[in-house]
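Asker: I'd like to ask you about the structure that follows.
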Amino acid sequence: MDALTISGALARMSLFAGLEGDALYLVSKRARELNVDRGEQLFAKDDPVNGFYFLLEGKVKLAFLSSRGNEKIVEIINSGQSFGESMVLANHPWPYYAQSIRRSRLLFIEREVFLDLLDREKVLQQHLLGDMSQRICELFSQMEALCLQSSRERVVGYLLREIEQAQAQGRDDRLVELPDTKANTASLLNLTPETFSRIIHNLEREKIIEVSCRSVKVLDLDRLRQGCGC
């Protein structure tokens, strides 16, 4: 990708919305395009934070690994989303690792470039504060789900959030693309793969969803929103 194409991609990020074209172009000249295969790690826990990422295509998981080798997925990043901006400001090593779960294409924005732009652009400061506040709210919602919601409520909530994100991007097909394995989705929801599969099968049997490979199509959105008898 040339600098002009990268500039157009960055303009689609909510973080950079409203920036002048010249400012975006300066960032784009220093941005790097990364192509990673499935299973490839972008960075490891405790690596220094040298910048942040914008996912153009694919899926990336952010996860912890216990001393016993048990994985806990913190977040699954979809195309059109960025990650790591707040860690750039924290000046702290990565608290998790990032691994591509599909062949992915990303843009990497260096820490120094981002901080320099942040120092000069008030609109970027406002957008960053807004994004960070939104993510804090999402973290509290996740904590509430993990602590108080039933297994079925967590699965229903996950499907609804994915549909809402698709609608925000202009899609209204009510189709949810699951990650590469059910185990990854189950880990994100703090469920066993068996429990996740059982709930998905129950929803399908009740004709609320339809499953095909890694795709889940919502047939009855109203019943899903009502909690489906959770």
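Ligands are numbered from 1 in the order shown, residues from 1 within each chain, and chains are lettered A, B, ... in the order they appear in the structure tokens.
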So which residues of stretch 33-177 of chain A fall under alpha helix (DSSP H) by DSSP, listed as an MDAnalysis selection string?
Answerer: chainID A and resid 85:90 111:120 122:148 151:168
Asker: Write to file, as a compact mmCIF listing (two decimals), in the first residue's frame, the residues of the selection just made, with C-alpha atoms.
Answerer:
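The resulting file, result.txt, is reproduced below:
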# COMPACT_ATOMS: atom_id res chain seq x y z
CA GLU A 85 -3.63 3.00 21.69
CA SER A 86 -4.04 3.23 25.47
CA MET A 87 -0.94 1.09 26.01
CA VAL A 88 1.09 3.60 24.00
CA LEU A 89 0.11 6.28 26.52
CA ALA A 90 0.69 4.01 29.53
CA ARG A 111 4.57 5.19 19.17
CA GLU A 112 6.64 8.32 18.47
CA VAL A 113 4.56 9.25 15.42
CA PHE A 114 1.31 8.85 17.34
CA LEU A 115 2.49 10.83 20.38
CA ASP A 116 3.77 13.66 18.18
CA LEU A 117 0.42 13.86 16.36
CA LEU A 118 -1.47 13.64 19.66
CA ASP A 119 0.52 16.58 21.00
CA ARG A 120 -0.48 18.75 18.02
CA LYS A 122 -6.80 18.54 19.82
CA VAL A 123 -9.42 16.64 17.83
CA LEU A 124 -7.29 13.50 18.16
CA GLN A 125 -7.04 14.02 21.92
CA GLN A 126 -10.84 14.25 22.15
CA HIS A 127 -11.38 11.12 20.04
CA LEU A 128 -8.81 9.16 22.06
CA LEU A 129 -10.50 10.11 25.33
CA GLY A 130 -13.85 9.11 23.86
CA ASP A 131 -12.52 5.75 22.64
CA MET A 132 -10.85 4.99 25.95
CA SER A 133 -14.01 5.88 27.88
CA GLN A 134 -16.05 3.61 25.62
CA ARG A 135 -13.65 0.73 26.15
CA ILE A 136 -13.76 1.20 29.92
CA CYS A 137 -17.56 0.95 29.75
CA GLU A 138 -17.23 -2.21 27.64
CA LEU A 139 -14.82 -3.72 30.18
CA PHE A 140 -17.31 -3.11 32.99
CA SER A 141 -20.03 -4.73 30.89
CA GLN A 142 -17.79 -7.75 30.35
CA MET A 143 -17.06 -7.97 34.08
CA GLU A 144 -20.79 -7.85 34.81
CA ALA A 145 -21.45 -10.61 32.27
CA LEU A 146 -18.71 -12.86 33.65
CA CYS A 147 -19.74 -12.34 37.27
CA LEU A 148 -23.54 -12.21 37.10
CA SER A 151 -23.87 -19.11 30.37
CA ARG A 152 -26.79 -18.68 27.98
CA GLU A 153 -27.01 -14.94 28.65
CA ARG A 154 -23.32 -14.55 27.81
CA VAL A 155 -23.73 -16.33 24.46
CA VAL A 156 -26.85 -14.30 23.62
CA GLY A 157 -25.08 -11.06 24.59
CA TYR A 158 -22.09 -11.95 22.43
CA LEU A 159 -24.27 -12.59 19.37
CA LEU A 160 -26.15 -9.32 19.89
CA ARG A 161 -22.93 -7.31 20.23
CA GLU A 162 -21.54 -8.82 17.02
CA ILE A 163 -24.75 -7.95 15.15
CA GLU A 164 -24.68 -4.38 16.50
CA GLN A 165 -21.08 -3.97 15.30
CA ALA A 166 -22.04 -5.28 11.85
CA GLN A 167 -24.95 -2.84 11.67
CA ALA A 168 -22.65 0.02 12.67
Asker: So that I can check the secondary structure, give me every residue of stretch 63-115 of chain A assigned strand (DSSP E or B) by backbone DSSP, as a PyMOL selection string.
Answerer: chain A and resi 63-65+71-78+82-83+97-100+104-110
Asker: Could you state the separation of atom CA of A:Gly84 and atom CA of A:Asn190 in Å, given to one decimal place?
Answerer: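 Between atom CA of A:Gly84 and atom CA of A:Asn190 the gap works out to 22.5 Å.
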Asker: Do a neighbour search on stretch 21-35 of chain A at 7 Å with only C-alpha atoms, toss out local chain neighbours closer than 3 positions, and write the hits as a list in words.
Answerer: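 Neighbouring residues, sequence-local ones excluded: Ala3, Leu4, Ile6, Ser7, Ser104, Arg105, Leu106, Leu107, Phe108, Ile109, Glu110 and Val113 of chain A.
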Asker: Can you work out the spacing between atom CA of A:Leu10 and atom CA of A:Leu62 in Å, to one decimal?
Answerer: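 For atom CA of A:Leu10 relative to atom CA of A:Leu62, the distance reads 21.6 Å.
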Asker: Between A:Lys59, A:Ser67, A:Ile200, A:Glu121, which has the minimum distance to A:Ser82 (counting only C-alpha atoms)?
Answerer: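 Among the listed residues, A:Lys59 lies closest to A:Ser82.
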